[in-house]
file work.csv (CSV, C-alpha atoms)
chain,number,residue,atom,x,y,z
A,4,MET,CA,94.5,71.9,148.2
A,5,HIS,CA,93.9,69.2,150.7
A,6,GLU,CA,95.4,70.8,153.8
A,7,LEU,CA,93.0,68.8,156.0
A,8,SER,CA,94.6,65.5,155.0
A,9,LEU,CA,98.1,67.0,155.4
A,10,CYS,CA,97.1,68.0,158.9
A,11,GLY,CA,96.1,64.4,159.5
A,12,ALA,CA,99.6,63.3,158.6
A,13,ILE,CA,101.1,66.0,160.8
A,14,ALA,CA,98.9,65.0,163.7
A,15,GLU,CA,100.1,61.4,163.4
A,16,ILE,CA,103.7,62.4,163.6
A,17,VAL,CA,103.1,64.8,166.5
A,18,THR,CA,101.1,62.4,168.5
A,19,ARG,CA,103.7,59.7,168.1
A,20,ARG,CA,106.6,61.9,169.0
A,21,ALA,CA,105.0,63.8,171.9
A,22,GLY,CA,104.2,60.7,173.8
A,23,ASP,CA,102.0,61.6,176.8
A,24,ARG,CA,103.1,65.2,176.8
A,25,ARG,CA,100.8,68.0,175.7
A,26,VAL,CA,102.0,70.1,172.8
A,27,GLN,CA,102.2,73.8,172.6
A,28,VAL,CA,103.8,74.5,169.2
A,29,VAL,CA,104.4,72.3,166.2
A,30,HIS,CA,107.3,73.7,164.1
A,31,LEU,CA,107.1,73.0,160.4
A,32,GLN,CA,109.4,73.6,157.5
A,33,ILE,CA,107.6,74.3,154.2
A,34,GLY,CA,109.6,74.8,151.1
A,35,GLN,CA,108.6,77.4,148.4
A,36,LEU,CA,108.0,74.6,145.9
A,37,ARG,CA,105.5,72.8,148.0
A,38,GLN,CA,102.0,73.5,147.0
A,39,VAL,CA,100.7,74.1,150.5
A,40,VAL,CA,98.9,77.3,151.7
A,41,PRO,CA,100.1,77.9,155.3
A,42,ASP,CA,97.0,79.8,156.3
A,43,ALA,CA,94.7,77.0,155.1
A,44,LEU,CA,97.0,74.6,157.0
A,45,THR,CA,96.7,76.5,160.3
A,46,PHE,CA,93.0,76.8,159.8
A,47,CYS,CA,92.5,73.1,159.2
A,48,TRP,CA,94.8,72.3,162.2
A,49,THR,CA,92.5,74.2,164.5
A,50,MET,CA,89.5,72.3,163.1
A,51,LEU,CA,91.2,69.0,163.2
A,52,THR,CA,92.6,69.2,166.8
A,53,GLU,CA,89.5,70.6,168.5
A,54,ASP,CA,88.5,68.5,171.4
A,55,THR,CA,91.5,66.3,171.1
A,56,ASP,CA,94.8,66.1,173.1
A,57,LEU,CA,96.2,68.5,170.5
A,58,ASP,CA,93.6,71.1,171.1
A,59,GLY,CA,95.2,74.5,171.7
A,60,SER,CA,98.5,73.6,169.9
A,61,THR,CA,99.5,75.9,167.1
A,62,LEU,CA,101.6,75.4,163.9
A,63,ASP,CA,104.6,77.6,163.4
A,64,VAL,CA,105.7,77.6,159.8
A,65,ASP,CA,109.2,78.3,158.6
A,66,ARG,CA,109.1,79.0,154.9
A,67,VAL,CA,112.2,77.9,152.9
A,68,ALA,CA,113.0,79.8,149.7
A,69,ALA,CA,113.9,77.7,146.7
A,70,VAL,CA,117.6,77.7,145.9
A,71,LEU,CA,119.2,76.2,142.8
A,72,THR,CA,122.7,75.0,142.4
A,73,CYS,CA,124.2,74.6,139.0
A,74,ARG,CA,126.0,71.2,138.6
A,75,THR,CA,128.1,72.7,135.8
A,76,CYS,CA,129.5,75.9,137.2
A,77,GLY,CA,128.5,75.7,140.9
A,78,THR,CA,126.5,79.0,140.9
A,79,ARG,CA,123.8,79.2,143.5
A,80,SER,CA,120.7,81.2,142.8
A,81,ASP,CA,117.2,81.9,144.0
A,82,LEU,CA,114.4,80.5,141.8
A,83,PRO,CA,113.2,83.4,139.7
A,84,ASP,CA,109.6,84.4,139.2
A,85,PRO,CA,108.2,83.2,136.8
A,86,PRO,CA,110.2,80.0,137.6
A,87,ALA,CA,113.1,78.8,135.5
A,88,PHE,CA,115.2,75.8,136.4
A,89,ALA,CA,118.4,76.9,134.6
A,90,CYS,CA,121.6,78.4,135.9
A,91,VAL,CA,121.7,82.2,135.9
A,92,GLY,CA,125.4,82.0,135.6
A,93,CYS,CA,126.2,79.8,132.7
A,94,GLY,CA,122.7,79.0,131.4
A,95,GLY,CA,123.2,75.3,132.1
A,96,LEU,CA,120.2,73.1,132.5
A,97,ASP,CA,121.7,70.7,135.0
A,98,VAL,CA,120.6,72.3,138.2
A,99,ALA,CA,120.0,70.8,141.6
A,100,ILE,CA,117.2,72.0,143.8
A,101,GLU,CA,119.2,72.7,147.0
A,102,ALA,CA,116.3,74.1,149.0
A,103,GLY,CA,112.6,74.6,148.6
A,104,GLU,CA,111.1,71.1,148.7
A,105,GLU,CA,111.0,70.7,152.4
A,106,PHE,CA,107.8,69.6,154.1
A,107,ALA,CA,108.6,68.4,157.5
A,108,VAL,CA,107.8,68.6,161.2
A,109,THR,CA,111.1,69.9,162.6
A,110,ALA,CA,110.4,70.2,166.3
A,111,LEU,CA,107.7,70.3,169.0
A,112,ASP,CA,107.5,72.7,171.9
A,113,LEU,CA,105.8,70.7,174.7
A,114,ILE,CA,103.9,72.3,177.6
A,115,PRO,CA,106.1,72.1,180.7
A,116,VAL,CA,104.8,69.7,183.2
B,14,MET,CA,124.0,67.5,192.5
B,15,GLY,CA,123.5,65.1,189.6
B,16,ARG,CA,126.4,64.1,187.4
B,17,PHE,CA,124.8,65.7,184.4
B,18,HIS,CA,124.3,69.4,184.8
B,19,ARG,CA,123.9,71.2,181.5
B,20,HIS,CA,123.2,74.9,181.0
B,21,ASP,CA,121.6,76.3,177.9
B,22,GLY,CA,123.8,79.4,177.6
B,23,PRO,CA,127.4,80.3,178.1
B,24,GLU,CA,127.0,81.2,181.8
B,25,GLY,CA,129.2,79.5,184.3
B,26,HIS,CA,128.4,76.8,186.7
B,27,GLY,CA,126.5,78.9,189.2
B,28,HIS,CA,123.0,78.1,190.2
B,29,SER,CA,121.2,81.2,189.2
B,30,HIS,CA,118.4,79.4,187.2
B,31,ASP,CA,115.3,79.1,189.2
B,32,HIS,CA,113.7,75.8,189.9
B,33,ASP,CA,110.7,75.5,192.0
B,34,HIS,CA,111.4,71.9,192.9
B,35,ASP,CA,114.1,69.9,194.6
B,36,HIS,CA,117.5,70.1,193.0
B,37,HIS,CA,118.5,66.5,193.3
B,38,HIS,CA,119.1,65.1,189.8
B,39,GLY,CA,119.7,61.5,189.4
B,40,VAL,CA,121.7,60.1,186.6
B,41,GLY,CA,120.0,60.7,183.2
B,42,ASP,CA,117.3,62.7,184.9
B,43,LEU,CA,116.7,65.9,182.8
B,44,SER,CA,113.5,66.9,184.5
B,45,GLY,CA,115.0,70.1,185.9
B,46,TYR,CA,116.0,71.4,182.5
B,47,ALA,CA,113.1,73.2,180.7
B,48,THR,CA,114.9,73.4,177.4
B,49,ALA,CA,116.0,69.8,177.1
B,50,ASP,CA,112.7,68.5,178.3
B,51,ASP,CA,110.2,70.7,176.5
B,52,ARG,CA,111.6,70.9,173.0
B,53,VAL,CA,111.6,67.7,171.0
B,54,GLU,CA,113.5,67.6,167.8
B,55,VAL,CA,111.4,65.6,165.3
B,56,LEU,CA,112.8,66.1,161.7
B,57,GLU,CA,110.2,63.9,160.1
B,58,ARG,CA,109.0,64.4,156.5
B,59,ILE,CA,105.3,64.7,156.3
B,60,PHE,CA,105.1,62.8,153.1
B,61,GLY,CA,107.4,60.2,154.6
B,62,GLU,CA,104.6,57.6,155.1
B,63,ASN,CA,103.4,58.1,151.6
B,64,GLU,CA,106.9,57.7,150.2
B,65,ARG,CA,107.4,54.6,152.2
B,66,VAL,CA,104.2,53.0,150.7
B,67,GLY,CA,105.2,54.3,147.2
B,68,ALA,CA,108.5,52.4,147.6
B,69,LEU,CA,106.6,49.3,148.6
B,70,ASN,CA,104.4,49.6,145.6
B,71,ARG,CA,107.4,49.9,143.3
B,72,ALA,CA,109.1,46.9,145.0
B,73,ASP,CA,106.0,44.8,144.5
B,74,LEU,CA,105.9,45.8,140.8
B,75,ASP,CA,109.6,45.0,140.4
B,76,LEU,CA,109.1,41.6,141.9
B,77,ALA,CA,106.3,41.0,139.5
B,78,GLY,CA,108.4,42.1,136.6
B,79,ALA,CA,106.1,45.0,135.9
B,80,ILE,CA,106.2,48.8,135.8
B,81,ALA,CA,103.6,51.4,136.6
B,82,VAL,CA,103.0,54.7,134.8
B,83,ASN,CA,101.3,57.6,136.5
B,84,MET,CA,99.2,59.6,134.1
B,85,MET,CA,98.3,63.1,135.2
B,86,SER,CA,96.7,66.2,133.7
B,87,SER,CA,94.0,68.8,134.3
B,88,PRO,CA,90.4,67.6,134.0
B,89,GLY,CA,89.5,67.2,130.3
B,90,ALA,CA,93.0,67.3,128.8
B,91,GLY,CA,92.4,63.9,127.4
B,92,LYS,CA,93.9,61.2,129.6
B,93,THR,CA,91.1,58.7,129.2
B,94,SER,CA,90.8,59.2,125.5
B,95,LEU,CA,94.5,58.8,125.0
B,96,LEU,CA,94.5,55.7,127.1
B,97,ALA,CA,91.6,54.2,125.3
B,98,ALA,CA,93.4,54.9,122.0
B,99,SER,CA,96.6,53.3,123.3
B,100,LEU,CA,95.3,50.2,124.9
B,101,ARG,CA,94.9,48.2,121.7
B,102,TRP,CA,98.5,48.8,120.8
B,103,LEU,CA,99.8,48.1,124.3
B,104,THR,CA,97.7,45.0,125.0
B,105,GLU,CA,99.0,43.4,121.8
B,106,ARG,CA,102.5,43.5,123.3
B,107,HIS,CA,102.0,43.5,127.1
B,108,ARG,CA,99.7,42.3,129.8
B,109,VAL,CA,98.2,45.5,131.0
B,110,GLY,CA,96.3,46.6,134.1
B,111,VAL,CA,94.7,50.0,134.6
B,112,ILE,CA,94.1,51.7,137.9
B,113,GLU,CA,91.5,54.4,137.3
B,114,GLY,CA,91.2,57.2,139.8
B,115,ASP,CA,88.2,59.5,139.9
B,116,ILE,CA,86.5,61.4,142.6
B,117,GLU,CA,83.2,60.1,141.6
B,118,THR,CA,81.7,57.6,139.1
B,119,ALA,CA,82.9,54.6,137.2
B,120,LEU,CA,82.5,56.4,133.9
B,121,ASP,CA,86.2,56.3,132.9
B,122,ALA,CA,86.6,52.8,134.1
B,123,GLU,CA,83.7,51.7,132.0
B,124,ARG,CA,85.1,53.4,129.0
B,125,LEU,CA,88.3,51.5,129.3
B,126,ALA,CA,86.7,48.1,130.0
B,127,GLY,CA,86.8,45.6,127.2
B,128,LEU,CA,89.9,47.0,125.6
B,129,GLY,CA,92.2,44.2,126.7
B,130,ALA,CA,93.3,45.5,130.0
B,131,VAL,CA,92.3,44.6,133.6
B,132,VAL,CA,90.7,47.7,135.1
B,133,GLU,CA,90.5,48.5,138.8
B,134,LEU,CA,88.6,51.6,139.9
B,135,ILE,CA,89.4,53.9,142.8
B,136,ASN,CA,86.8,56.5,143.8
B,137,THR,CA,88.3,59.0,146.1
B,138,GLY,CA,85.1,60.7,147.1
B,139,GLN,CA,84.7,58.7,150.3
B,140,GLY,CA,88.2,59.1,151.4
B,141,PHE,CA,89.3,61.3,154.3
B,142,GLY,CA,90.9,64.2,152.5
B,143,GLY,CA,91.9,61.9,149.8
B,144,GLU,CA,89.7,63.4,147.1
B,145,CYS,CA,91.8,65.4,144.7
B,146,HIS,CA,94.6,63.1,144.0
B,147,LEU,CA,95.7,59.5,144.3
B,148,ASP,CA,98.2,58.6,146.9
B,149,ALA,CA,100.4,55.5,147.5
B,150,PRO,CA,98.1,53.8,150.0
B,151,MET,CA,95.1,54.1,147.6
B,152,VAL,CA,97.1,52.7,144.7
B,153,ARG,CA,98.5,49.9,146.9
B,154,ARG,CA,95.0,48.8,147.7
B,155,ALA,CA,94.1,48.7,144.0
B,156,LEU,CA,97.4,46.9,143.2
B,157,THR,CA,96.3,44.1,145.6
B,158,ARG,CA,93.1,43.7,143.6
B,159,LEU,CA,95.1,43.3,140.3
B,160,PRO,CA,96.6,40.0,139.2
B,161,LEU,CA,100.0,41.6,139.5
B,162,ALA,CA,102.0,38.5,138.8
B,163,GLU,CA,100.3,38.2,135.4
B,164,LEU,CA,100.9,41.8,134.4
B,165,ASP,CA,103.8,43.7,132.7
B,166,LEU,CA,102.4,47.2,132.8
B,167,VAL,CA,100.1,49.0,135.1
B,168,ILE,CA,98.8,52.4,134.0
B,169,VAL,CA,97.5,54.6,136.8
B,170,GLU,CA,95.1,57.3,135.5
B,171,ASN,CA,95.2,59.9,138.2
B,172,VAL,CA,92.4,62.3,139.2
B,173,GLY,CA,92.2,65.3,136.9
B,174,ASN,CA,94.1,68.0,138.8
B,175,LEU,CA,97.2,70.1,137.9
B,176,VAL,CA,98.2,70.7,141.5
B,177,CYS,CA,98.0,67.9,144.0
B,178,PRO,CA,98.9,64.7,142.1
B,179,ALA,CA,102.4,66.0,141.5
B,180,GLU,CA,103.0,65.9,145.3
B,181,PHE,CA,102.2,62.3,145.8
B,182,ASP,CA,104.4,59.4,144.8
B,183,VAL,CA,102.1,56.5,144.0
B,184,GLY,CA,104.8,54.0,143.4
B,185,ALA,CA,105.1,54.5,139.6
B,186,HIS,CA,108.3,54.1,137.6
B,187,ALA,CA,107.4,56.9,135.2
B,188,ARG,CA,105.2,60.0,135.2
B,189,VAL,CA,103.3,61.1,132.1
B,190,MET,CA,101.6,64.4,132.0
B,191,VAL,CA,98.9,65.1,129.4
B,192,TYR,CA,98.6,68.8,128.4
B,193,SER,CA,96.0,69.9,125.9
B,194,VAL,CA,96.8,72.6,123.4
B,195,THR,CA,93.5,74.2,124.4
B,196,GLU,CA,95.1,75.1,127.7
B,197,GLY,CA,97.3,77.9,126.3
B,198,GLU,CA,101.0,78.6,126.6
B,199,GLU,CA,101.5,79.6,130.3
B,200,LYS,CA,100.6,76.5,132.3
B,201,PRO,CA,104.2,75.3,132.8
B,202,LEU,CA,105.0,78.6,134.6
B,203,LYS,CA,101.8,78.5,136.7
B,204,TYR,CA,102.1,74.9,137.6
B,205,PRO,CA,105.9,74.2,137.7
B,206,VAL,CA,105.7,71.3,140.1
B,207,MET,CA,103.4,69.3,137.9
B,208,PHE,CA,105.3,70.0,134.7
B,209,ARG,CA,108.6,69.4,136.3
B,210,CYS,CA,107.7,66.1,137.8
B,211,ALA,CA,106.9,64.6,134.4
B,212,ASP,CA,109.1,62.3,132.5
B,213,LEU,CA,107.0,62.7,129.4
B,214,VAL,CA,104.6,65.5,128.4
B,215,LEU,CA,102.0,64.6,125.8
B,216,VAL,CA,100.9,67.7,123.9
B,217,ASN,CA,97.4,66.6,123.1
B,218,LYS,CA,94.5,67.6,120.9
B,219,VAL,CA,96.9,68.9,118.2
B,220,ASP,CA,94.1,68.2,115.7
B,221,LEU,CA,92.5,71.4,117.1
B,222,LEU,CA,95.4,73.6,116.3
B,223,PRO,CA,93.9,75.1,113.2
B,224,HIS,CA,91.0,76.4,115.4
B,225,LEU,CA,93.2,77.9,118.1
B,226,ASP,CA,95.5,80.9,118.6
B,227,VAL,CA,97.8,79.1,120.9
B,228,ASP,CA,101.6,79.7,120.3
B,229,LEU,CA,103.0,76.2,120.6
B,230,ALA,CA,106.6,77.5,120.4
B,231,GLU,CA,105.9,79.7,123.4
B,232,PHE,CA,104.5,76.7,125.3
B,233,TYR,CA,107.7,74.6,124.6
B,234,LYS,CA,109.8,77.6,125.7
B,235,ASN,CA,107.9,77.7,129.0
B,236,LEU,CA,108.1,74.0,129.4
B,237,ALA,CA,111.9,74.2,128.9
B,238,ARG,CA,112.1,76.7,131.7
B,239,VAL,CA,110.7,74.3,134.3
B,240,ASN,CA,111.6,70.9,132.9
B,241,PRO,CA,114.5,71.3,130.5
B,242,GLY,CA,115.0,68.4,128.2
B,243,VAL,CA,111.8,66.5,129.1
B,244,ASP,CA,110.5,64.1,126.5
B,245,THR,CA,107.5,65.5,124.5
B,246,ILE,CA,105.1,63.9,122.0
B,247,GLU,CA,102.4,65.7,120.1
B,248,THR,CA,99.2,63.6,120.1
B,249,SER,CA,95.6,63.4,119.1
B,250,ALA,CA,93.4,60.6,120.4
B,251,ARG,CA,91.0,61.5,117.7
B,252,THR,CA,93.3,61.2,114.6
B,253,GLY,CA,95.7,58.8,116.3
B,254,GLN,CA,98.7,61.1,115.7
B,255,GLY,CA,101.5,60.3,118.2
B,256,VAL,CA,99.6,57.5,119.8
B,257,ALA,CA,102.0,54.8,118.6
B,258,ALA,CA,105.0,57.0,119.6
B,259,PHE,CA,103.5,57.3,123.1
B,260,CYS,CA,102.9,53.6,123.3
B,261,ALA,CA,106.5,52.9,122.2
B,262,TRP,CA,107.8,55.3,124.9
B,263,VAL,CA,105.9,53.3,127.5
B,264,SER,CA,106.7,50.0,126.0
B,265,ALA,CA,110.4,50.7,126.0
B,266,ARG,CA,110.2,50.9,129.8
B,267,VAL,CA,108.4,47.6,130.4
B,268,PRO,CA,111.0,45.1,131.7
B,269,ALA,CA,111.9,42.5,129.2
B,270,GLY,CA,112.4,39.2,130.8
B,271,ALA,CA,110.8,36.3,132.4
B,272,ILE,CA,107.1,36.2,132.2
B,273,ARG,CA,105.8,35.0,135.5
B,274,ARG,CA,103.0,32.4,135.4
call {"tool": "encode", "arguments": {"input": "work.csv", "output": "structure tokens"}}
result
Amino acid sequence: MHELSLCGAIAEIVTRRAGDRRVQVVHLQIGQLRQVVPDALTFCWTMLTEDTDLDGSTLDVDRVAAVLTCRTCGTRSDLPDPPAFACVGCGGLDVAIEAGEEFAVTALDLIPV
Amino acid sequence: MGRFHRHDGPEGHGHSHDHDHDHHHGVGDLSGYATADDRVEVLERIFGENERVGALNRADLDLAGAIAVNMMSSPGAGKTSLLAASLRWLTERHRVGVIEGDIETALDAERLAGLGAVVELINTGQGFGGECHLDAPMVRRALTRLPLAELDLVIVENVGNLVCPAEFDVGAHARVMVYSVTEGEEKPLKYPVMFRCADLVLVNKVDLLPHLDVDLAEFYKNLARVNPGVDTIETSARTGQGVAAFCAWVSARVPAGAIRR
């Protein structure tokens, strides 16, 4: 995948929100359905931030499992493997993806001044 | 003591936390509170900027009375051939623009030239990390080069890739995924995000079925697991099977109404 360009987008958010403070940890939420490889992301982050203000900062990834909610009977279930977007309770096909599509910067830990 | 004196935990109002600086806090001055000061809640979606530009693209298309269709597939599944076979039908009824995305070369754009549509090329090879898919800013730049006010339909032919394009809204109104029967039955399970994001799956190269061992029923079963109820059309760019049906599907989504001059 293109983890390097994703790191670019993350760095833009972090730089904007950190202001003039130095960053220790960037907390990310990555849903199971996002096609991102966390190890590749952290590797690219190190590469991208070298010799910048973000040098030394690390990514902390919180993986979110995919959860489906049936709009017909209300049953909540984990996404099976191999994947199936149908209700395990009633077999209904009208399911909502309640969790698993997250891809966000949730918080920053700044280095105390 | 400042007016605002917050503690992180349930402890009482004693002063047992250590500071190594003066304890005078002015109003609104949180500098003594490590937790409040050093943790910043952000809650920003990383794809937020791309989604914002995608929405702008859609808005510009809506304003021009046009729609965009994002065509995606693995390399070699037949996007360009199907598009070439479809342009004659489509350009008889609509004013069509094509945004052609490839990592390198203008080969596909050249193939599609002269079939009645305006063709704009995006080569992603030079972009910073933008190689394996089209994103909304790239498509936006291509849209500005098209005579949008004079078009009804823009077809975006994405970079051949079953993974990344599914993640990036480009500002299209519909997503068409081209799957070739030569790819076997299990792709929907291995690439659920791509198959699930499609509004239409074209089951292509069906003219080759007599030469293959693929179990098409199994493919449809797997497709139904990840995208129940998705529209499908069996196609062959070579024989023309399904091409008119594909064009009709697209054409039904083109806004009827005032043609802007």
call {"tool": "atom_distance", "arguments": {"input": "work.csv", "atom1": "CA of Leu166 in chain B", "atom2": "CA of Ala79 in chain B"}}
result
5.3 Å
call {"tool": "residues_around", "arguments": {"input": "work.csv", "residues": "range 151-158 of chain B", "least_positions_apart": "6", "cutoff": "9 Å", "atoms": "only C-alpha atoms", "output": "ChimeraX atom specification"}}
result
/B:66-67,69-70,73-74,112,114,133-135,137,143,167,169,183-184
call {"tool": "residues_around", "arguments": {"input": "work.csv", "residues": "Gly94 in chain A", "least_positions_apart": "5", "cutoff": "10 Å", "atoms": "all atoms listed in the file", "output": "number ranges by chain"}}
result
A: 73, 75-76, 88-89
call {"tool": "closest_residue", "arguments": {"input": "work.csv", "among": "B:Leu120, B:Val131, B:Val109, B:Val176", "to": "His146 in chain B", "atoms": "only C-alpha atoms"}}
result
B:Val176
call {"tool": "interface_residues", "arguments": {"input": "work.csv", "of": "chain B", "to": "chain A", "cutoff": "12 Å", "atoms": "only C-alpha atoms", "output": "VMD selection string"}}
result
chain B and resid 34 44 to 63 140 to 148 174 to 181 199 to 210 234 to 243
call {"tool": "write_last_selection", "arguments": {"input": "work.csv", "atoms": "C-alpha atoms", "output": "PDB file, in the coordinates of the input"}}
result
ATOM      1  CA  HIS B  34     111.400  71.900 192.900  1.00  0.00           C
ATOM      2  CA  SER B  44     113.500  66.900 184.500  1.00  0.00           C
ATOM      3  CA  GLY B  45     115.000  70.100 185.900  1.00  0.00           C
ATOM      4  CA  TYR B  46     116.000  71.400 182.500  1.00  0.00           C
ATOM      5  CA  ALA B  47     113.100  73.200 180.700  1.00  0.00           C
ATOM      6  CA  THR B  48     114.900  73.400 177.400  1.00  0.00           C
ATOM      7  CA  ALA B  49     116.000  69.800 177.100  1.00  0.00           C
ATOM      8  CA  ASP B  50     112.700  68.500 178.300  1.00  0.00           C
ATOM      9  CA  ASP B  51     110.200  70.700 176.500  1.00  0.00           C
ATOM     10  CA  ARG B  52     111.600  70.900 173.000  1.00  0.00           C
ATOM     11  CA  VAL B  53     111.600  67.700 171.000  1.00  0.00           C
ATOM     12  CA  GLU B  54     113.500  67.600 167.800  1.00  0.00           C
ATOM     13  CA  VAL B  55     111.400  65.600 165.300  1.00  0.00           C
ATOM     14  CA  LEU B  56     112.800  66.100 161.700  1.00  0.00           C
ATOM     15  CA  GLU B  57     110.200  63.900 160.100  1.00  0.00           C
ATOM     16  CA  ARG B  58     109.000  64.400 156.500  1.00  0.00           C
ATOM     17  CA  ILE B  59     105.300  64.700 156.300  1.00  0.00           C
ATOM     18  CA  PHE B  60     105.100  62.800 153.100  1.00  0.00           C
ATOM     19  CA  GLY B  61     107.400  60.200 154.600  1.00  0.00           C
ATOM     20  CA  GLU B  62     104.600  57.600 155.100  1.00  0.00           C
ATOM     21  CA  ASN B  63     103.400  58.100 151.600  1.00  0.00           C
ATOM     22  CA  GLY B 140      88.200  59.100 151.400  1.00  0.00           C
ATOM     23  CA  PHE B 141      89.300  61.300 154.300  1.00  0.00           C
ATOM     24  CA  GLY B 142      90.900  64.200 152.500  1.00  0.00           C
ATOM     25  CA  GLY B 143      91.900  61.900 149.800  1.00  0.00           C
ATOM     26  CA  GLU B 144      89.700  63.400 147.100  1.00  0.00           C
ATOM     27  CA  CYS B 145      91.800  65.400 144.700  1.00  0.00           C
ATOM     28  CA  HIS B 146      94.600  63.100 144.000  1.00  0.00           C
ATOM     29  CA  LEU B 147      95.700  59.500 144.300  1.00  0.00           C
ATOM     30  CA  ASP B 148      98.200  58.600 146.900  1.00  0.00           C
ATOM     31  CA  ASN B 174      94.100  68.000 138.800  1.00  0.00           C
ATOM     32  CA  LEU B 175      97.200  70.100 137.900  1.00  0.00           C
ATOM     33  CA  VAL B 176      98.200  70.700 141.500  1.00  0.00           C
ATOM     34  CA  CYS B 177      98.000  67.900 144.000  1.00  0.00           C
ATOM     35  CA  PRO B 178      98.900  64.700 142.100  1.00  0.00           C
ATOM     36  CA  ALA B 179     102.400  66.000 141.500  1.00  0.00           C
ATOM     37  CA  GLU B 180     103.000  65.900 145.300  1.00  0.00           C
ATOM     38  CA  PHE B 181     102.200  62.300 145.800  1.00  0.00           C
ATOM     39  CA  GLU B 199     101.500  79.600 130.300  1.00  0.00           C
ATOM     40  CA  LYS B 200     100.600  76.500 132.300  1.00  0.00           C
ATOM     41  CA  PRO B 201     104.200  75.300 132.800  1.00  0.00           C
ATOM     42  CA  LEU B 202     105.000  78.600 134.600  1.00  0.00           C
ATOM     43  CA  LYS B 203     101.800  78.500 136.700  1.00  0.00           C
ATOM     44  CA  TYR B 204     102.100  74.900 137.600  1.00  0.00           C
ATOM     45  CA  PRO B 205     105.900  74.200 137.700  1.00  0.00           C
ATOM     46  CA  VAL B 206     105.700  71.300 140.100  1.00  0.00           C
ATOM     47  CA  MET B 207     103.400  69.300 137.900  1.00  0.00           C
ATOM     48  CA  PHE B 208     105.300  70.000 134.700  1.00  0.00           C
ATOM     49  CA  ARG B 209     108.600  69.400 136.300  1.00  0.00           C
ATOM     50  CA  CYS B 210     107.700  66.100 137.800  1.00  0.00           C
ATOM     51  CA  LYS B 234     109.800  77.600 125.700  1.00  0.00           C
ATOM     52  CA  ASN B 235     107.900  77.700 129.000  1.00  0.00           C
ATOM     53  CA  LEU B 236     108.100  74.000 129.400  1.00  0.00           C
ATOM     54  CA  ALA B 237     111.900  74.200 128.900  1.00  0.00           C
ATOM     55  CA  ARG B 238     112.100  76.700 131.700  1.00  0.00           C
ATOM     56  CA  VAL B 239     110.700  74.300 134.300  1.00  0.00           C
ATOM     57  CA  ASN B 240     111.600  70.900 132.900  1.00  0.00           C
ATOM     58  CA  PRO B 241     114.500  71.300 130.500  1.00  0.00           C
ATOM     59  CA  GLY B 242     115.000  68.400 128.200  1.00  0.00           C
ATOM     60  CA  VAL B 243     111.800  66.500 129.100  1.00  0.00           C
TER      61      VAL B 243
END
call {"tool": "atom_distance", "arguments": {"input": "work.csv", "atom1": "CA of Pro83 in chain A", "atom2": "CA of Asn217 in chain B"}}
result
28.4 Å
call {"tool": "atom_distance", "arguments": {"input": "work.csv", "atom1": "CA of Thr104 in chain B", "atom2": "CA of Gly129 in chain B"}}
result
5.8 Å
call {"tool": "residues_around", "arguments": {"input": "work.csv", "residues": "Ala97 in chain B", "least_positions_apart": "5", "cutoff": "9 Å", "atoms": "only C-alpha atoms", "output": "VMD selection string"}}
result
chain B and resid 92 124 to 125 128 250
call {"tool": "closest_residue", "arguments": {"input": "work.csv", "among": "B:Leu213, B:Ala261, B:Ala72, B:Ala90", "to": "Tyr192 in chain B", "atoms": "all atoms listed in the file"}}
result
B:Ala90
